[in-house]
>>> print(open('target.cif').read())   # mmCIF, C-alpha atoms
data_upload
loop_
_atom_site.label_atom_id
_atom_site.label_comp_id
_atom_site.auth_asym_id
_atom_site.auth_seq_id
_atom_site.Cartn_x
_atom_site.Cartn_y
_atom_site.Cartn_z
CA MET A 1 -11.39 2.10 -9.00
CA SER A 2 -11.80 2.90 -12.53
CA PRO A 3 -9.55 2.20 -15.33
CA PRO A 4 -7.02 4.37 -16.95
CA LYS A 5 -7.09 4.78 -20.67
CA ALA A 6 -4.10 4.25 -22.88
CA PRO A 7 -3.72 4.00 -26.62
CA SER A 8 -4.37 0.39 -27.37
CA TYR A 9 -5.02 -0.84 -23.87
CA GLN A 10 -7.14 0.65 -21.12
CA THR A 11 -5.18 1.36 -18.07
CA ALA A 12 -7.23 2.95 -15.59
CA VAL A 13 -7.45 1.60 -12.54
CA ALA A 14 -6.56 -1.11 -13.62
CA VAL A 15 -6.93 0.47 -14.63
CA LEU A 16 -8.76 -1.94 -16.28
CA VAL A 17 -7.65 -4.84 -14.55
CA VAL A 18 -8.59 -3.44 -11.48
CA LEU A 19 -10.94 -0.99 -12.18
CA ILE A 20 -13.30 -2.74 -14.09
CA VAL A 21 -11.67 -5.51 -14.37
CA ALA A 22 -11.41 -1.93 -11.68
CA VAL A 23 -13.53 1.07 -13.32
CA SER A 24 -14.16 -1.26 -11.62
CA VAL A 25 -7.37 -0.94 -7.86
CA ALA A 26 -6.06 1.20 -7.22
CA ALA A 27 -5.46 3.35 -6.62
CA ALA A 28 -7.14 4.52 -5.63
CA ALA A 29 -7.57 5.63 -6.81
CA TRP A 30 -7.16 8.36 -4.51
CA SER A 31 -5.71 5.03 -5.11
CA GLU A 32 -4.88 5.10 -1.51
CA SER A 33 -2.82 8.15 -1.93
CA GLN A 34 -3.20 10.24 1.20
CA ARG A 35 -3.01 7.71 3.94
CA SER A 36 -1.05 8.01 7.12
CA LEU A 37 -1.07 6.11 10.41
CA ALA A 38 -4.55 5.05 11.43
CA PRO A 39 -5.75 5.39 15.04
CA SER A 40 -3.73 3.14 17.31
CA ALA A 41 -5.39 -0.08 18.34
CA GLY A 42 -6.85 -0.07 21.83
CA PRO A 43 -9.19 -2.63 23.38
CA ARG A 44 -10.67 -5.09 20.93
CA VAL A 45 -13.71 -3.71 19.16
CA GLY A 46 -15.98 -5.05 16.46
CA ILE A 47 -18.08 -3.75 13.60
CA ALA A 48 -21.09 -2.04 15.15
CA SER A 49 -23.08 -1.29 12.00
CA VAL A 50 -23.00 -0.46 8.31
CA GLU A 51 -25.38 2.29 7.12
CA ASP A 52 -26.30 2.83 3.47
CA LEU A 53 -25.66 6.48 2.52
CA THR A 54 -26.28 5.98 -1.20
CA PRO A 55 -29.57 7.93 -1.14
CA ARG A 56 -27.51 11.00 -0.19
CA LEU A 57 -25.91 10.91 -3.64
CA GLY A 58 -29.19 11.96 -5.25
CA GLU A 59 -28.66 11.97 -9.01
CA VAL A 60 -24.89 12.28 -8.74
CA PHE A 61 -23.03 9.12 -9.91
CA SER A 62 -26.25 7.74 -11.40
CA PRO A 63 -24.95 6.34 -13.61
CA GLY A 64 -21.38 6.35 -12.39
CA ALA A 65 -18.69 4.87 -10.19
CA ILE A 66 -16.91 6.41 -7.21
CA GLN A 67 -13.20 5.72 -7.41
CA GLY A 68 -12.05 7.34 -4.17
CA PHE A 69 -12.31 10.34 -1.89
CA GLY A 70 -10.43 12.88 0.17
CA ALA A 71 -11.64 14.74 3.27
CA ASN A 72 -11.06 17.89 5.29
CA ASP A 73 -12.84 19.42 8.29
CA SER A 74 -15.93 20.44 6.36
CA SER A 75 -16.39 18.17 3.36
CA ILE A 76 -15.58 14.91 1.64
CA PHE A 77 -14.69 15.11 -2.06
CA LEU A 78 -15.99 12.04 -3.90
CA ALA A 79 -14.06 11.45 -7.13
CA GLY A 80 -14.87 9.25 -10.08
CA ILE A 81 -16.72 8.94 -13.32
CA GLY A 82 -20.34 9.50 -14.26
CA VAL A 83 -20.42 7.51 -17.47
CA TRP A 84 -18.35 4.62 -18.68
CA ASN A 85 -19.15 3.34 -22.15
CA ARG A 86 -16.88 0.36 -22.20
CA PRO A 87 -17.29 -0.58 -25.90
CA ILE A 88 -15.91 2.78 -27.07
CA GLY A 89 -13.83 3.62 -23.98
CA LEU A 90 -15.67 6.86 -23.20
CA THR A 91 -15.72 8.15 -19.62
CA LEU A 92 -16.92 11.46 -18.16
CA PRO A 93 -15.60 13.05 -14.93
CA VAL A 94 -17.58 13.57 -11.73
CA ILE A 95 -16.57 15.21 -8.45
CA ALA A 96 -19.04 15.73 -5.61
CA SER A 97 -18.86 17.29 -2.15
CA LEU A 98 -20.45 15.44 0.76
CA GLY A 99 -20.94 17.23 4.08
CA ALA A 100 -21.71 15.91 7.53
CA SER A 101 -25.41 16.00 6.70
CA GLY A 102 -27.58 16.45 3.64
CA THR A 103 -27.15 15.24 0.08
CA ALA A 104 -24.05 15.37 -2.07
CA SER A 105 -23.39 18.56 -4.03
CA ASN A 106 -22.23 18.18 -7.62
CA VAL A 107 -18.95 20.10 -8.07
CA THR A 108 -18.33 18.76 -11.57
CA PRO A 109 -19.10 22.00 -13.45
CA SER A 110 -16.11 23.65 -11.76
CA VAL A 111 -13.59 21.05 -12.94
CA GLU A 112 -14.97 19.06 -15.86
CA THR A 113 -13.24 21.12 -18.56
CA TYR A 114 -9.87 19.95 -17.21
CA PHE A 115 -10.88 16.27 -17.41
CA GLU A 116 -12.38 16.23 -20.92
CA GLU A 117 -13.86 12.79 -21.68
CA GLY A 118 -11.93 11.37 -18.74
CA GLY A 119 -12.30 10.92 -15.00
CA VAL A 120 -11.15 12.06 -11.57
CA PHE A 121 -9.19 9.38 -9.69
CA GLY A 122 -7.17 11.20 -7.04
CA SER A 123 -8.66 13.52 -4.40
CA VAL A 124 -6.31 14.70 -1.63
CA TRP A 125 -6.46 17.56 0.89
CA ASN A 126 -3.07 18.77 2.18
CA GLY A 127 -4.35 21.15 4.85
CA THR A 128 -4.83 24.18 2.61
CA ASP A 129 -5.91 22.99 -0.85
CA TRP A 130 -7.32 20.06 -2.77
CA MET A 131 -5.24 18.23 -5.33
CA LEU A 132 -7.28 16.39 -7.97
CA SER A 133 -5.75 14.05 -10.52
CA GLY A 134 -7.04 11.93 -13.36
CA GLU A 135 -7.14 11.71 -17.10
CA ALA A 136 -8.48 13.60 -20.10
CA THR A 137 -8.89 12.62 -23.74
CA TRP A 138 -8.19 15.28 -26.32
CA GLY A 139 -9.15 13.76 -29.67
CA SER A 140 -6.92 10.68 -29.91
CA LEU A 141 -4.56 11.74 -27.12
CA ASN A 142 -4.90 10.63 -23.49
CA GLU A 143 -3.12 12.75 -20.90
CA GLY A 144 -2.73 12.80 -17.13
CA VAL A 145 -4.43 15.78 -15.46
CA LEU A 146 -3.53 17.63 -12.23
CA ILE A 147 -5.38 20.63 -10.75
CA THR A 148 -5.23 22.28 -7.34
CA GLY A 149 -7.51 24.65 -5.44
CA SER A 150 -10.93 24.68 -3.83
CA GLY A 151 -14.48 25.87 -4.46
CA ASP A 152 -14.69 27.46 -7.90
CA HIS A 153 -11.03 28.50 -7.93
CA TRP A 154 -8.72 25.95 -9.53
CA THR A 155 -5.19 26.15 -10.92
CA ASN A 156 -4.32 23.86 -13.80
CA LEU A 157 -0.96 22.14 -13.16
CA THR A 158 -1.29 19.84 -16.17
CA PRO A 159 1.10 21.96 -18.29
CA LEU A 160 3.80 21.18 -15.69
CA VAL A 161 3.24 17.42 -15.34
CA GLY A 162 1.03 16.22 -18.20
CA SER A 163 3.97 15.34 -20.45
CA TYR A 164 5.02 12.66 -17.92
CA PHE A 165 1.66 10.92 -18.35
CA LEU A 166 1.02 11.09 -22.10
CA ASP A 167 -1.05 8.33 -23.67
CA GLY A 168 -1.97 7.30 -20.14
CA GLY A 169 -3.24 8.96 -17.00
CA LEU A 170 -2.39 10.28 -13.54
CA TRP A 171 -4.12 7.73 -11.32
CA ALA A 172 -2.67 8.45 -7.88
CA VAL A 173 -1.51 11.51 -5.96
CA GLY A 174 0.00 11.45 -2.47
CA TRP A 175 1.09 14.04 0.11
CA ASN A 176 3.76 13.34 2.76
CA GLY A 177 3.52 16.63 4.63
CA SER A 178 6.06 18.52 2.53
CA GLY A 179 5.65 17.50 -1.11
CA TRP A 180 3.58 15.58 -3.62
CA LEU A 181 4.18 12.24 -5.29
CA LEU A 182 2.35 11.51 -8.54
CA GLY A 183 1.81 8.11 -10.14
CA GLY A 184 0.25 6.84 -13.34
CA ASN A 185 1.38 5.63 -16.72
CA THR A 186 2.33 6.43 -20.28
CA SER A 187 2.28 4.22 -23.36
CA HIS A 188 5.72 2.98 -22.22
CA GLY A 189 4.68 1.82 -18.74
CA ALA A 190 4.33 3.11 -15.19
CA SER A 191 5.31 6.72 -14.46
CA LEU A 192 6.44 8.24 -11.14
CA VAL A 193 6.96 11.99 -10.56
CA SER A 194 7.55 14.26 -7.56
CA TYR A 195 6.13 17.79 -7.40
CA ASP A 196 7.27 20.30 -4.80
CA HIS A 197 6.63 24.06 -4.95
CA GLY A 198 6.58 24.13 -8.73
CA VAL A 199 9.58 21.85 -9.17
CA VAL A 200 9.01 18.55 -10.99
CA HIS A 201 11.35 15.55 -10.90
CA ASP A 202 10.87 12.46 -13.04
CA LEU A 203 11.53 9.40 -10.84
CA THR A 204 10.35 6.80 -13.35
CA SER A 205 13.87 5.48 -13.98
CA LEU A 206 13.92 4.16 -10.40
CA LEU A 207 11.21 1.62 -11.24
CA THR A 208 12.60 -1.77 -12.20
CA ASP A 209 11.13 -4.12 -14.82
CA ASN A 210 8.83 -1.38 -16.10
CA ASP A 211 6.96 -2.48 -19.21
CA PRO A 212 4.17 -1.13 -21.43
CA GLY A 213 0.83 -1.89 -19.79
CA TYR A 214 2.10 -1.20 -16.25
CA TRP A 215 0.81 1.67 -14.13
CA ILE A 216 0.84 3.07 -10.57
CA GLN A 217 -2.40 3.57 -8.66
CA LEU A 218 -1.36 2.99 -5.04
CA MET A 219 0.59 5.46 -2.88
CA VAL A 220 0.62 5.23 0.91
CA TRP A 221 2.93 7.24 3.18
CA ASN A 222 3.77 5.82 6.65
CA GLY A 223 5.89 8.69 7.97
CA SER A 224 9.21 7.56 6.52
CA ALA A 225 8.51 5.62 3.31
CA TRP A 226 6.02 5.25 0.49
CA MET A 227 4.36 1.98 -0.44
CA LEU A 228 3.81 2.01 -4.21
CA GLY A 229 1.66 -0.34 -6.22
CA GLY A 230 -0.27 -0.89 -9.40
CA LYS A 231 -0.27 -3.20 -12.35
CA GLY A 232 3.23 -4.74 -12.45
CA VAL A 233 4.37 -2.44 -9.61
CA PHE A 234 4.96 -3.31 -5.94
CA GLY A 235 7.69 -1.74 -3.84
CA THR A 236 8.75 0.91 -1.32
CA TYR A 237 10.28 4.31 -2.02
CA SER A 238 12.30 6.17 0.61
CA ASN A 239 15.17 8.66 0.61
CA GLY A 240 15.52 8.53 -3.15
CA ALA A 241 15.74 4.72 -3.34
CA TYR A 242 13.18 2.25 -4.63
CA THR A 243 13.02 -1.34 -3.32
CA ASP A 244 11.20 -3.70 -5.67
CA LEU A 245 9.13 -6.34 -3.83
CA MET A 246 7.24 -7.81 -6.78
CA ASP A 247 9.31 -10.97 -7.25
CA GLU A 248 8.79 -11.96 -3.61
CA SER A 249 5.01 -11.55 -3.85
CA PRO A 250 2.01 -13.45 -5.29
CA PHE A 251 1.18 -10.43 -7.48
CA THR A 252 3.54 -11.09 -10.40
CA ASP A 253 0.69 -11.78 -12.84
CA GLY A 254 -1.32 -8.78 -11.66
CA GLY A 255 -0.48 -6.00 -9.26
CA ALA A 256 -0.60 -4.51 -5.76
CA TYR A 257 -3.61 -2.23 -5.26
CA ALA A 258 -4.18 -1.63 -1.53
CA ALA A 259 -2.01 -1.09 1.57
CA ASP A 260 -1.84 0.34 5.05
CA TRP A 261 0.67 0.53 7.92
CA ASN A 262 -0.01 -0.49 11.54
CA GLY A 263 3.08 1.07 13.11
CA SER A 264 5.42 -1.86 12.53
CA ALA A 265 4.42 -3.58 9.28
CA TRP A 266 2.49 -3.14 6.06
CA LEU A 267 -0.44 -5.22 4.92
CA VAL A 268 -0.68 -5.16 1.13
CA GLY A 269 -3.42 -6.57 -1.08
CA GLY A 270 -3.37 -7.36 -4.75
CA GLY A 271 -4.45 -9.73 -7.48
CA PRO A 272 -5.93 -11.32 -9.39
CA ALA A 273 -6.19 -13.79 -7.79
CA ALA A 274 -6.81 -11.77 -4.60
CA ALA A 275 -4.25 -12.16 -1.81
CA ILE A 276 -2.80 -10.22 1.13
CA VAL A 277 0.81 -10.16 2.31
CA VAL A 278 2.66 -8.77 5.33
CA VAL A 279 5.69 -6.59 4.53
CA GLU A 280 8.41 -5.83 7.09
CA GLY A 281 11.42 -4.14 5.54
CA ALA A 282 12.18 -6.11 2.39
CA SER A 283 10.51 -9.27 3.74
CA VAL A 284 7.23 -10.29 2.13
CA GLN A 285 5.26 -12.99 3.95
CA PRO A 286 1.87 -14.45 2.97
CA GLY A 287 -1.17 -13.40 4.96
CA PRO A 288 -4.17 -15.64 5.66
CA ALA A 289 -6.50 -16.77 2.88
CA LEU A 290 -9.32 -14.43 1.92
CA PRO A 291 -12.91 -15.73 1.65
CA SER A 292 -13.38 -17.91 -1.44
CA THR A 293 -15.65 -15.35 -3.14
CA PHE A 294 -13.03 -12.62 -2.62
CA ASN A 295 -11.03 -13.78 -5.62
CA LEU A 296 -10.20 -10.69 -7.70
CA TRP A 297 -8.42 -7.95 -5.72
CA PRO A 298 -8.61 -5.76 -2.62
CA GLY A 299 -9.33 -2.09 -3.32
CA SER A 300 -8.56 -0.99 0.24
CA VAL A 301 -6.71 -2.17 3.33
CA ILE A 302 -7.13 -0.33 6.66
CA TRP A 303 -5.58 -0.93 10.07
CA THR A 304 -8.33 -0.52 12.69
CA PRO A 305 -8.89 -1.39 16.37
CA ALA A 306 -10.86 -4.38 15.08
CA GLY A 307 -7.90 -5.62 13.03
CA TRP A 308 -7.10 -5.32 9.33
CA LEU A 309 -10.18 -4.35 7.31
CA VAL A 310 -9.94 -5.47 3.68
CA ALA A 311 -12.46 -4.46 1.00
CA GLY A 312 -12.63 -5.01 -2.73
CA LYS A 313 -14.05 -7.15 -5.49
CA GLY A 314 -14.85 -10.76 -6.24
CA GLY A 315 -16.16 -12.38 -9.39
CA GLY A 316 -16.36 -15.55 -11.42
CA SER A 317 -13.60 -17.83 -12.61
CA PRO A 318 -10.77 -16.63 -14.85
CA PRO A 319 -10.88 -14.38 -16.82
CA TRP A 320 -13.18 -12.92 -14.15
CA SER A 321 -15.32 -11.10 -16.68
CA GLY A 322 -18.73 -12.04 -15.33
CA THR A 323 -20.79 -10.94 -12.34
CA SER A 324 -19.03 -8.78 -9.75
CA THR A 325 -19.44 -9.20 -6.00
CA PRO A 326 -18.53 -6.54 -3.41
CA GLU A 327 -16.27 -7.92 -0.68
CA LEU A 328 -15.53 -6.90 2.90
CA CYS A 329 -13.65 -8.83 5.58
CA VAL A 330 -11.55 -8.35 8.72
CA TRP A 331 -8.41 -10.10 9.96
CA PRO A 332 -7.96 -9.76 13.75
CA SER A 333 -4.21 -10.22 13.41
CA ASP A 334 -3.42 -9.78 17.11
CA GLN A 335 -5.10 -13.12 17.80
CA VAL A 336 -2.80 -16.11 17.39
CA GLY A 337 -3.85 -18.22 14.42
CA ALA A 338 -6.71 -15.84 13.56
CA THR A 339 -8.42 -16.35 10.22
CA VAL A 340 -10.26 -13.80 8.12
CA ASP A 341 -13.91 -13.11 8.98
CA ASP A 342 -16.22 -12.47 6.01
CA LEU A 343 -18.30 -9.31 6.56
CA SER A 344 -19.64 -8.96 3.01
CA GLY A 345 -23.16 -9.70 4.21
CA LEU A 346 -23.13 -6.35 6.02
CA LEU A 347 -22.79 -4.38 2.78
CA PRO A 348 -26.01 -2.67 1.66
CA PRO A 349 -27.81 -3.68 -1.56
CA SER A 350 -26.51 -0.53 -3.29
CA PHE A 351 -23.16 -2.33 -3.76
CA GLU A 352 -24.73 -5.50 -5.13
CA GLY A 353 -23.28 -6.56 -8.47
CA GLY A 354 -20.33 -4.18 -8.08
CA GLN A 355 -17.44 -3.60 -5.72
CA VAL A 356 -15.98 -1.56 -2.90
CA GLN A 357 -13.51 0.66 -4.72
CA PHE A 358 -12.09 2.47 -1.72
CA ALA A 359 -12.49 2.81 2.04
CA TRP A 360 -10.95 5.11 4.63
CA TRP A 361 -11.54 6.88 7.93
CA SER A 362 -14.28 9.54 7.89
CA PRO A 363 -14.19 11.51 11.19
CA LEU A 364 -16.40 14.18 9.59
CA LEU A 365 -19.26 11.66 9.72
CA GLY A 366 -18.60 10.54 13.30
CA SER A 367 -15.88 9.09 15.51
CA ASN A 368 -14.56 5.64 14.65
CA THR A 369 -16.29 5.64 11.27
CA ILE A 370 -15.05 4.41 7.89
CA LEU A 371 -16.56 5.46 4.58
CA LEU A 372 -16.94 2.77 1.93
CA VAL A 373 -17.33 3.96 -1.68
CA GLY A 374 -17.68 2.18 -4.99
CA GLN A 375 -20.37 1.01 -7.32
CA GLY A 376 -23.25 -1.39 -7.76
CA SER A 377 -25.09 -2.90 -10.72
CA LEU A 378 -21.89 -3.17 -12.72
CA ASP A 379 -22.41 -4.48 -16.24
CA ALA A 380 -19.10 -5.91 -17.43
CA VAL A 381 -20.12 -5.58 -21.09
CA SER A 382 -21.57 -2.06 -21.24
CA GLY A 383 -19.63 -0.56 -18.31
CA TYR A 384 -22.83 0.79 -16.75
CA SER A 385 -23.00 1.05 -12.96
CA ASP A 386 -24.31 3.29 -10.18
CA GLY A 387 -22.28 4.91 -7.42
CA ALA A 388 -22.63 3.50 -3.89
CA ILE A 389 -21.51 4.69 -0.45
CA ALA A 390 -21.89 3.31 3.06
CA LEU A 391 -20.75 4.26 6.56
CA LEU A 392 -19.12 1.56 8.72
CA ARG A 393 -19.06 2.17 12.47
CA LEU A 394 -16.68 0.46 14.85
CA GLY A 395 -17.88 -0.19 18.37
#
>>> encode(input="target.cif", output="structure tokens")
Amino acid sequence: MSPPKAPSYQTAVAVLVVLIVAVSVAAAAWSESQRSLAPSAGPRVGIASVEDLTPRLGEVFSPGAIQGFGANDSSIFLAGIGVWNRPIGLTLPVIASLGASGTASNVTPSVETYFEEGGVFGSVWNGTDWMLSGEATWGSLNEGVLITGSGDHWTNLTPLVGSYFLDGGLWAVGWNGSGWLLGGNTSHGASLVSYDHGVVHDLTSLLTDNDPGYWIQLMVWNGSAWMLGGKGVFGTYSNGAYTDLMDESPFTDGGAYAADWNGSAWLVGGGPAAAIVVVEGASVQPGPALPSTFNLWPGSVIWTPAGWLVAGKGGGSPPWSGTSTPELCVWPSDQVGATVDDLSGLLPPSFEGGQVQFAWWSPLLGSNTILLVGQGSLDAVSGYSDGAIALLRLG
């Protein structure tokens, strides 16, 4: 993911901690916002192949970083940033459309005026329209941005919700089939808002122990409850009540940035240092150890017929400001005593020196396929990187 920008600290996925320390979670940032139940697990399968699709980006996201994506029956919307000048905090938005074949089409000219000197972090299709979220910088003011529509026709919803994300950003947007949930931050901490048919409700007061520097970049809906996460945030939201899980987790010095549901339990990843936990109700139990190089944070967790697929970022020792390493592994949790298998060697060279920001099912590109998006060649000092995408096939 990429980081959010706030007044004196950068919060963008991680926004900083995760993004680049997550422009390089999140969220996510789709930030994991439009997930629902994955295909049910059948007979045991494995990873058949990983294909590098980065050449299909052409000049889009070069330079740049892909933070997440959403998909419908005809296209995949890749969301992110095209430039990140870390020393001065400047980012520029990029949104591209990827079809079942051919190269990516740059859609940025249709939306960039809404995301002035910012980025696109949420990309969700609700069956009729896209919802894009992110951040813009107007002079010295950072503000969360929300637009809806498709093609060249967009409606700016920022006047309705932007005030709830001032001096911060709107890093995650989620759809539960009837309404939207919006997450991000302000200069005061994490911010949570619902949006339904033009009606906005501020839910931020439900968050406990909310401090400046916290943000939300993870939203996953399982059919009855939301899993929420971000810097300083980890809990479930259902029927108007929020259950804080942070104190029971290993994420107290960082955050929760990735999650999915397998029909009976959540697997949630966070960091730094990277870790995964199993959540059933209000019970948080440690998962198995991740590979030693996978020491920063997961950017995505997916329940698949091969087990739990976990992707994200590794790096050097604390403060983890050196070389980045893209990480990918699988935990076949239905096998008694199963440990995590490291699959990072399957990632194409386009991710080298960067990270897997986000991963999710991509039926548009074939059955039983998962799209991996992120960045390679990440320079922790300048912020420079190039977008990277790959297609993982189960079989």
>>> residues_around(input="target.cif", residues="Gly99 of chain A", least_positions_apart="2", cutoff="12 Å", atoms="all atoms listed in the file", output="list in words")
Leu53, Arg56, Leu57, Ala71, Asn72, Asp73, Ser74, Ser75, Ile76, Phe77, Leu78, Ala96, Ser97, Ser101, Gly102, Thr103, Ala104, Ser105, Asn106, Ser362, Pro363, Leu364, Leu365 and Gly366 of chain A
>>> residues_around(input="target.cif", residues="segment 283-286 of chain A", least_positions_apart="4", cutoff="12 Å", atoms="all atoms listed in the file", output="list in words")
Phe234, Gly235, Thr236, Thr243, Asp244, Leu245, Met246, Asp247, Glu248, Ser249, Pro250, Phe251, Ala265, Trp266, Leu267, Val268, Gly269, Gly270, Ala274, Ala275, Ile276, Val277, Val278, Val279 and Leu290 of chain A
>>> atom_distance(input="target.cif", atom1="atom CA of Pro332 of chain A", atom2="atom CA of Ala311 of chain A")
14.5 Å
>>> residues_near_point(input="target.cif", point="(-14.4, -9.5, -1.9)", cutoff="9 Å", atoms="only C-alpha atoms", output="number ranges by chain")
A: 274, 290-298, 310-315, 325-329, 342, 344, 355-356
>>> atom_distance(input="target.cif", atom1="atom CA of Gly118 of chain A", atom2="atom CA of His197 of chain A")
26.4 Å
>>> residues_around(input="target.cif", residues="Glu112 of chain A", least_positions_apart="3", cutoff="9 Å", atoms="only C-alpha atoms", output="PyMOL selection string")
chain A and resi 92-95+107-109+115-119
>>> atom_distance(input="target.cif", atom1="atom CA of Pro55 of chain A", atom2="atom CA of Ala380 of chain A")
23.8 Å
>>> closest_atom_pairs(input="target.cif", of="segment 233-257 of chain A", to="segment 214-223 of chain A", cutoff="8 Å", atoms="only C-alpha atoms", output="CSV")
residue,atom,partner,partner_atom,distance
A:Val233,CA,A:Ile216,CA,6.6
A:Ala256,CA,A:Leu218,CA,7.6
A:Tyr257,CA,A:Leu218,CA,5.7
>>> resolve_selection(input="target.cif", expression="the PyMOL selection byres ((chain A and resi 157) around 12)", output="ChimeraX atom specification")
/A:114,131-134,144-149,154-156,158-163,170,195-200
>>> residues_around(input="target.cif", residues="Gly240 of chain A", least_positions_apart="5", cutoff="10 Å", atoms="only C-alpha atoms", output="PyMOL selection string")
chain A and resi 203+206+225
>>> closest_residue(input="target.cif", among="A:Gly232, A:Val83, A:Ser324, A:Ser150", to="Asp379 of chain A", atoms="only C-alpha atoms")
A:Ser324
>>> residues_around(input="target.cif", residues="Ser385 of chain A", least_positions_apart="3", cutoff="6 Å", atoms="only C-alpha atoms", output="MDAnalysis selection string")
chainID A and resid 63:64 376:378
>>> residues_near_point(input="target.cif", point="(-18.0, -1.7, 12.5)", cutoff="12 Å", atoms="all atoms listed in the file", output="JSON, numbers by chain")
{"A": [44, 45, 46, 47, 48, 49, 50, 51, 304, 305, 306, 307, 308, 309, 328, 329, 330, 343, 346, 347, 361, 367, 368, 369, 370, 371, 372, 390, 391, 392, 393, 394, 395]}
>>> resolve_selection(input="target.cif", expression="the PyMOL selection byres ((chain A and resi 189) around 6)", output="list in words")
Asn185, Thr186, Ser187, His188, Ala190, Asn210, Asp211, Pro212, Gly213 and Tyr214 of chain A
>>> closest_residue(input="target.cif", among="A:Gly353, A:Gly263, A:Gly255, A:Gly127", to="Glu280 of chain A", atoms="only C-alpha atoms")
A:Gly263
